[in-house]
>>> print(open('protein-v7.txt').read())   # compact mmCIF, C-alpha atoms and all ligand atoms
# COMPACT_ATOMS: atom_id res chain seq x y z
CA MET A 1252 -3.58 -11.68 7.11
CA PRO A 1253 -1.28 -14.25 8.72
CA ALA A 1254 -3.42 -16.94 10.36
CA GLU A 1255 -0.67 -17.49 12.95
CA PRO A 1256 2.67 -15.85 13.64
CA ASP A 1257 5.42 -17.15 11.30
CA GLN A 1258 2.80 -18.47 8.90
CA PRO A 1259 2.61 -16.91 5.45
CA ILE A 1260 -0.01 -14.25 4.81
CA GLN A 1261 -3.29 -15.62 3.46
CA TYR A 1262 -4.42 -13.89 0.27
CA THR A 1263 -7.94 -13.76 -1.12
CA LEU A 1264 -8.83 -12.43 -4.57
CA LYS A 1265 -12.26 -10.89 -4.92
CA VAL A 1266 -13.68 -11.56 -8.41
CA GLY A 1267 -17.28 -10.33 -8.60
CA ASP A 1268 -19.01 -11.81 -5.56
CA THR A 1269 -16.56 -14.72 -5.35
CA ARG A 1270 -13.65 -14.76 -2.98
CA LEU A 1271 -10.85 -17.01 -4.16
CA PRO A 1272 -8.40 -18.31 -1.57
CA LEU A 1273 -5.21 -17.75 -3.56
CA ASN A 1274 -2.66 -19.53 -1.38
CA ASP A 1275 -4.26 -22.84 -2.37
CA LEU A 1276 -3.55 -22.08 -6.03
CA ILE A 1277 0.21 -21.71 -5.70
CA GLY A 1278 1.88 -24.25 -8.00
CA ARG A 1279 -1.10 -24.29 -10.36
CA ALA A 1280 -1.61 -22.73 -13.78
CA ILE A 1281 -4.07 -19.86 -13.87
CA GLN A 1282 -5.47 -17.60 -16.54
CA ILE A 1283 -6.82 -14.05 -16.19
CA ASP A 1284 -8.85 -12.63 -19.08
CA TYR A 1285 -9.82 -8.96 -19.07
CA ASP A 1286 -12.95 -8.31 -21.15
CA GLY A 1287 -12.31 -4.60 -21.74
CA VAL A 1288 -14.83 -3.28 -19.21
CA ILE A 1289 -13.81 -1.16 -16.22
CA ARG A 1290 -16.47 -0.20 -13.68
CA CYS A 1291 -15.73 2.62 -11.21
CA ILE A 1292 -15.39 1.21 -7.69
CA HIS A 1293 -17.31 4.20 -6.32
CA CYS A 1294 -20.24 4.76 -8.71
CA ASP A 1295 -20.15 1.57 -10.84
CA ARG A 1296 -20.23 3.59 -14.09
CA LYS A 1297 -18.29 2.17 -17.02
CA THR A 1298 -15.08 4.05 -17.65
CA LYS A 1299 -12.65 3.71 -20.56
CA LYS A 1300 -9.70 4.25 -18.28
CA SER A 1301 -9.12 3.66 -14.59
CA PHE A 1302 -8.03 6.69 -12.54
CA GLY A 1303 -6.43 6.37 -9.11
CA GLN A 1304 -6.64 2.55 -9.21
CA GLY A 1305 -10.30 1.96 -9.91
CA TYR A 1306 -12.21 5.25 -10.27
CA CYS A 1307 -13.91 6.96 -13.22
CA PHE A 1308 -12.67 10.46 -14.05
CA PRO A 1309 -15.62 12.37 -12.44
CA CYS A 1310 -15.16 10.42 -9.17
CA PHE A 1311 -11.41 10.91 -9.35
CA ARG A 1312 -11.98 14.68 -9.56
CA LYS A 1313 -14.63 14.76 -6.84
CA LEU A 1314 -13.67 12.35 -4.04
CA ALA A 1315 -11.45 13.34 -1.16
CA ALA A 1316 -9.87 9.87 -1.33
CA CYS A 1317 -8.48 10.80 -4.78
CA ASP A 1318 -7.19 14.28 -3.89
CA SER A 1319 -3.47 15.01 -4.27
CA CYS A 1320 -3.14 15.45 -0.48
CA ILE A 1321 -3.70 11.70 -0.12
CA VAL A 1322 -0.42 11.13 -1.97
CA SER A 1323 1.23 14.13 -0.27
CA PRO A 1324 -0.37 14.26 3.20
CA GLU A 1325 1.65 17.32 4.21
CA LYS A 1326 -0.52 19.23 1.70
CA CYS A 1327 -3.76 18.47 3.60
CA HIS A 1328 -5.99 21.55 3.26
CA TYR A 1329 -8.81 20.55 5.59
CA HIS A 1330 -7.99 23.48 7.92
CA GLU A 1331 -8.54 25.88 5.00
CA GLY A 1332 -12.10 24.65 4.65
CA THR A 1333 -11.42 23.26 1.17
CA CYS A 1334 -11.53 19.53 1.84
CA ARG A 1335 -13.46 17.87 -1.01
CA GLU A 1336 -15.50 15.90 1.54
CA PRO A 1337 -14.99 17.27 5.06
CA GLU A 1338 -16.90 14.39 6.67
CA TRP A 1339 -14.64 11.87 4.97
CA GLY A 1340 -11.65 13.94 6.06
CA GLU A 1341 -12.83 13.83 9.66
CA THR A 1342 -13.03 10.03 9.69
CA HIS A 1343 -9.96 9.31 7.53
CA CYS A 1344 -7.50 12.17 8.02
CA MET A 1345 -8.29 14.00 11.25
CA ILE A 1346 -7.53 10.84 13.26
CA GLU A 1347 -4.47 9.14 14.64
CA HIS A 1348 -1.83 8.19 12.09
CA VAL A 1349 1.33 6.18 12.44
CA VAL A 1350 4.74 6.92 10.99
CA TYR A 1351 6.58 3.63 10.58
CA LEU A 1352 9.82 2.12 9.38
CA ALA A 1353 9.57 -0.91 7.15
CA ASN A 1354 11.91 -3.26 5.37
CA SER A 1355 10.42 -3.89 1.94
CA SER A 1356 13.38 -3.72 -0.45
CA GLY A 1357 15.52 -2.11 2.25
CA LEU A 1358 14.74 0.52 4.85
CA LYS A 1359 11.84 2.87 4.13
CA VAL A 1360 9.63 5.27 6.02
CA GLY A 1361 5.88 5.45 5.53
CA ILE A 1362 2.65 6.63 7.11
CA THR A 1363 -0.75 5.10 7.53
CA ARG A 1364 -3.91 5.29 9.61
CA GLY A 1365 -3.62 3.29 12.81
CA THR A 1366 -6.41 1.01 11.57
CA GLN A 1367 -4.49 0.14 8.36
CA ILE A 1368 -1.79 -1.80 10.22
CA PRO A 1369 -0.70 -4.37 9.09
CA THR A 1370 -2.68 -4.13 5.79
CA ARG A 1371 -0.52 -1.26 4.53
CA TRP A 1372 2.67 -3.17 5.33
CA ILE A 1373 1.43 -6.27 3.53
CA ASP A 1374 0.49 -4.09 0.52
CA GLN A 1375 4.09 -2.93 0.30
CA GLY A 1376 5.51 -6.41 0.65
CA ALA A 1377 7.35 -5.46 3.84
CA VAL A 1378 9.09 -8.35 5.60
CA ALA A 1379 9.17 -6.35 8.84
CA ALA A 1380 7.79 -3.05 10.09
CA LEU A 1381 7.77 -0.95 13.24
CA PRO A 1382 5.69 2.09 14.32
CA ILE A 1383 8.04 4.91 15.39
CA VAL A 1384 5.84 8.00 15.86
CA ARG A 1385 2.12 8.37 16.49
CA VAL A 1386 0.49 11.66 15.51
CA SER A 1387 -3.00 13.08 15.78
CA THR A 1388 -3.69 13.83 12.09
CA ARG A 1389 -2.69 12.73 8.62
CA GLN A 1390 -1.08 16.08 7.89
CA LEU A 1391 1.21 15.79 10.93
CA ALA A 1392 2.20 12.32 9.72
CA GLY A 1393 3.07 13.96 6.41
CA PHE A 1394 5.20 16.61 8.14
CA VAL A 1395 7.09 13.93 10.09
CA GLU A 1396 7.55 11.83 6.96
CA VAL A 1397 8.98 14.80 5.04
CA ILE A 1398 11.56 15.24 7.82
CA CYS A 1399 12.39 11.51 7.83
CA LYS A 1400 12.82 11.47 4.05
CA GLN A 1401 16.00 13.49 4.38
CA HIS A 1402 17.57 10.38 5.91
CA VAL A 1403 15.53 7.37 4.79
CA ALA A 1404 13.92 6.32 1.50
CA ASP A 1405 10.13 6.51 1.20
CA ARG A 1406 9.80 4.22 -1.82
CA THR A 1407 9.93 0.51 -2.34
CA ASN A 1408 11.97 -0.85 -5.23
CA TRP A 1409 9.26 -3.30 -6.26
CA ARG A 1410 11.54 -5.35 -8.50
CA ALA A 1411 13.98 -5.89 -5.64
CA MET A 1412 11.05 -6.60 -3.29
CA LEU A 1413 9.80 -9.32 -5.67
CA LYS A 1414 13.21 -10.96 -6.07
CA GLY A 1415 13.23 -11.89 -2.38
CA GLY A 1416 16.41 -12.24 -0.37
CA VAL A 1417 15.87 -8.87 1.34
CA ALA A 1418 18.58 -8.48 4.00
CA GLU A 1419 17.36 -8.36 7.59
CA LEU A 1420 17.47 -5.00 9.37
CA ASP A 1421 17.44 -4.07 13.03
CA LEU A 1422 14.44 -1.72 12.81
CA ALA A 1423 14.56 -0.74 16.49
CA ALA A 1424 18.18 0.40 16.06
CA GLU A 1425 17.24 2.25 12.85
CA ARG A 1426 14.37 3.94 14.72
CA ASP A 1427 16.68 5.12 17.53
CA ARG A 1428 19.23 6.42 15.03
CA LEU A 1429 16.59 8.23 12.96
CA LEU A 1430 14.74 9.75 15.93
CA ASP A 1431 18.02 11.11 17.28
CA LEU A 1432 18.74 12.71 13.91
CA ILE A 1433 15.35 14.38 13.56
CA ARG A 1434 14.66 15.30 17.20
CA PRO A 1435 15.25 19.05 16.78
CA GLU A 1436 12.73 19.12 13.94
CA LEU A 1437 10.25 16.98 15.88
CA ASP A 1438 10.58 19.37 18.82
CA ALA A 1439 9.82 22.30 16.53
CA LEU A 1440 6.71 20.49 15.26
CA ARG A 1441 5.62 19.82 18.86
CA GLN A 1442 6.01 23.48 19.72
CA ALA A 1443 3.74 24.40 16.84
CA HIS A 1444 1.13 21.64 17.27
CA GLY A 1445 1.27 20.56 20.92
CA GLU A 1446 3.16 17.92 22.89
CA VAL A 1447 0.45 15.26 22.68
CA ALA A 1448 0.00 15.64 18.92
CA ILE A 1449 3.36 13.98 18.12
CA ARG A 1450 4.48 11.03 20.24
CA GLU A 1451 7.63 8.98 19.72
CA VAL A 1452 6.72 5.38 20.52
CA ASP A 1453 8.63 2.26 21.54
CA GLU A 1454 6.42 -0.52 20.20
CA ALA A 1455 6.93 -4.08 19.09
CA GLY A 1456 7.36 -4.52 15.36
CA LEU A 1457 5.93 -7.20 13.13
CA SER A 1458 7.59 -9.75 10.85
CA LEU A 1459 5.65 -10.84 7.79
CA SER A 1460 6.18 -13.80 5.53
CA TYR A 1461 4.70 -14.30 2.09
CA PRO A 1462 3.56 -17.42 0.29
CA VAL A 1463 6.29 -17.73 -2.35
CA GLN A 1464 7.50 -21.05 -3.79
CA VAL A 1465 9.91 -19.74 -6.43
CA TRP A 1466 11.56 -16.30 -6.57
CA PRO A 1467 11.99 -14.87 -10.08
CA ASP A 1468 15.51 -14.14 -11.43
CA LYS A 1469 14.19 -11.43 -13.67
CA VAL A 1470 11.05 -9.46 -12.88
CA LYS A 1471 8.91 -8.86 -15.94
CA SER A 1472 5.41 -7.46 -15.50
CA HIS A 1473 2.12 -8.22 -17.19
CA ASN A 1474 -0.18 -5.38 -18.21
CA LEU A 1475 -3.84 -6.20 -18.94
CA ASP A 1476 -4.22 -2.96 -20.93
CA LYS A 1477 -1.69 -4.23 -23.46
CA THR A 1478 -2.19 -7.98 -23.15
CA PRO A 1479 -5.70 -8.75 -21.89
CA SER A 1480 -5.04 -12.46 -21.43
CA VAL A 1481 -2.43 -13.58 -18.90
CA THR A 1482 -1.50 -17.19 -18.26
CA GLY A 1483 1.10 -18.82 -16.08
CA VAL A 1484 1.86 -20.96 -13.08
CA LEU A 1485 1.28 -19.06 -9.84
CA GLN A 1486 4.58 -19.28 -7.97
CA GLY A 1487 3.98 -16.84 -5.18
CA ILE A 1488 2.20 -13.74 -3.86
CA LYS A 1489 3.90 -10.76 -2.31
CA GLY A 1490 2.66 -7.23 -1.68
CA GLN A 1491 0.10 -6.46 -4.39
CA TYR A 1492 1.65 -8.88 -6.87
CA LEU A 1493 0.76 -12.30 -8.16
CA MET A 1494 4.02 -13.91 -9.25
CA LEU A 1495 3.59 -16.18 -12.27
CA ASP A 1496 6.34 -18.09 -14.06
CA THR A 1497 5.58 -15.84 -17.07
CA GLY A 1498 5.85 -12.55 -15.16
CA VAL A 1499 4.30 -10.67 -12.24
CA ILE A 1500 1.00 -8.80 -12.21
CA ASN A 1501 0.13 -5.93 -9.90
CA ILE A 1502 -3.43 -6.87 -9.07
CA ARG A 1503 -4.15 -3.62 -7.24
CA LYS A 1504 -3.44 -1.69 -10.43
CA PHE A 1505 -6.31 -3.56 -12.15
CA THR A 1506 -8.90 -3.02 -9.44
CA ALA A 1507 -12.31 -2.45 -11.13
CA TYR A 1508 -11.34 -4.35 -14.30
CA GLU A 1509 -13.86 -7.00 -15.30
CA VAL A 1510 -11.99 -10.29 -15.56
CA ARG A 1511 -12.56 -13.98 -15.84
CA PHE A 1512 -10.28 -15.99 -13.59
CA GLN A 1513 -9.63 -19.64 -14.37
CA VAL A 1514 -7.59 -22.37 -12.79
CA LEU A 1515 -6.21 -24.38 -15.72
CA ALA A 1516 -4.41 -27.30 -14.13
ZN ZN B 1 -17.24 6.85 -10.55
>>> encode(input="protein-v7.txt", output="structure tokens")
Amino acid sequence: MPAEPDQPIQYTLKVGDTRLPLNDLIGRAIQIDYDGVIRCIHCDRKTKKSFGQGYCFPCFRKLAACDSCIVSPEKCHYHEGTCREPEWGETHCMIEHVVYLANSSGLKVGITRGTQIPTRWIDQGAVAALPIVRVSTRQLAGFVEVICKQHVADRTNWRAMLKGGVAELDLAAERDRLLDLIRPELDALRQAHGEVAIREVDEAGLSLSYPVQVWPDKVKSHNLDKTPSVTGVLQGIKGQYLMLDTGVINIRKFTAYEVRFQVLA
């Protein structure tokens, strides 16, 4: 989280019970060694492979958080009585969600729970973001996102995001343009689900800055599955990536991996 407006986001890496303040390590050489053990973040069982960024296969098959409707919220099946964990669904999906515009590697649309702002934006390496529609459930957010996707990308080009130099965008103007384009479809959704369930909002956006000393010319990525030992000078942190002079590493991807983290110099 940014400590103050205009200040770079402060990153902490959790290794075991230790929390490492990463911003302090920028400019220093670090080494990450993966020992070959992955422990499921839900049940702590050892697993040969990580599923859904940190789960064992049984948990991946069983938990609502790992269901395909989490990736495609418009496919939520709670109302059919088939939610894998209805209580989890009630606290995570059947609550207010936000549809937002962000500038990560250019304009994109996304959705998140209200409580995940600005964490979700930071995760995506967005330099700015703006809520545009508030809805009463995750599925409705999915419906609105599907409509928006006809006009706006929903993916981040992570290589472009990590190269920096993302052009500024007037997100409020983009919101007005997009909402005008999709209004007939939003009206149809409101007719089906109720006026209060889908609200266009005019809210302040947020600008985010990341602690980056040097932007890479070429983005090459490290993979602990192929090369269990990674060394390099930490030059910056953006989104889910540590940026080393030897390549970038998506730390989120290696959640649940047992590693040793060293500061070399
Ligand atoms: Zn598990």
>>> residues_around(input="protein-v7.txt", residues="stretch 1296-1305 of chain A", least_positions_apart="6", cutoff="10 Å", atoms="all atoms listed in the file", output="ChimeraX atom specification")
/A:1287-1290,1311-1312,1316-1318,1476,1502-1508
>>> closest_atom_pairs(input="protein-v7.txt", of="chain A", to="ligand ZN 1 (chain B)", cutoff="6 Å", atoms="only C-alpha atoms and all ligand atoms", output="Markdown table")
| residue | atom | partner | partner_atom | distance |
| --- | --- | --- | --- | --- |
| A:Cys1291 | CA | B:ZN1 | ZN | 4.5 |
| A:His1293 | CA | B:ZN1 | ZN | 5.0 |
| A:Cys1294 | CA | B:ZN1 | ZN | 4.1 |
| A:Arg1296 | CA | B:ZN1 | ZN | 5.7 |
| A:Tyr1306 | CA | B:ZN1 | ZN | 5.3 |
| A:Cys1307 | CA | B:ZN1 | ZN | 4.3 |
| A:Cys1310 | CA | B:ZN1 | ZN | 4.4 |
>>> write_last_selection(input="protein-v7.txt", atoms="C-alpha atoms", output="PDB file, in the coordinates of the input")
ATOM      1  CA  CYS A1291     -15.730   2.620 -11.210  1.00  0.00           C
ATOM      2  CA  HIS A1293     -17.310   4.200  -6.320  1.00  0.00           C
ATOM      3  CA  CYS A1294     -20.240   4.760  -8.710  1.00  0.00           C
ATOM      4  CA  ARG A1296     -20.230   3.590 -14.090  1.00  0.00           C
ATOM      5  CA  TYR A1306     -12.210   5.250 -10.270  1.00  0.00           C
ATOM      6  CA  CYS A1307     -13.910   6.960 -13.220  1.00  0.00           C
ATOM      7  CA  CYS A1310     -15.160  10.420  -9.170  1.00  0.00           C
TER       8      CYS A1310
END
>>> closest_residue(input="protein-v7.txt", among="A:Gly1487, A:Gly1365, A:Pro1382, A:Pro1479", to="A:Asp1427", atoms="all atoms listed in the file")
A:Pro1382
>>> atom_distance(input="protein-v7.txt", atom1="atom CA of A:Thr1263", atom2="atom CA of A:Trp1372")
16.3 Å
>>> atom_distance(input="protein-v7.txt", atom1="atom CA of A:Met1412", atom2="atom CA of A:Leu1381")
17.8 Å
>>> atom_distance(input="protein-v7.txt", atom1="atom CA of A:Asp1431", atom2="atom CA of A:Ile1368")
24.7 Å
>>> closest_atom_pairs(input="protein-v7.txt", of="stretch 1372-1406 of chain A", to="stretch 1439-1447 of chain A", cutoff="12 Å", atoms="only C-alpha atoms", output="CSV")
residue,atom,partner,partner_atom,distance
A:Val1384,CA,A:Val1447,CA,11.3
A:Arg1385,CA,A:Val1447,CA,9.4
A:Val1386,CA,A:Val1447,CA,8.0
A:Ser1387,CA,A:Val1447,CA,8.0
A:Thr1388,CA,A:His1444,CA,10.5
A:Gln1390,CA,A:His1444,CA,11.1
A:Leu1391,CA,A:Leu1440,CA,8.4
A:Ala1392,CA,A:Leu1440,CA,10.9
A:Gly1393,CA,A:Leu1440,CA,11.6
A:Phe1394,CA,A:Leu1440,CA,8.2
A:Val1395,CA,A:Leu1440,CA,8.4
A:Val1397,CA,A:Leu1440,CA,11.9
A:Ile1398,CA,A:Leu1440,CA,10.3
>>> closest_residue(input="protein-v7.txt", among="A:Tyr1262, A:Glu1509, A:Tyr1329, A:Tyr1285", to="A:Asn1474", atoms="only C-alpha atoms")
A:Tyr1285
>>> closest_residue(input="protein-v7.txt", among="A:Cys1344, A:Ile1292, A:Val1417, A:Ile1449", to="A:Ala1315", atoms="only C-alpha atoms")
A:Cys1344
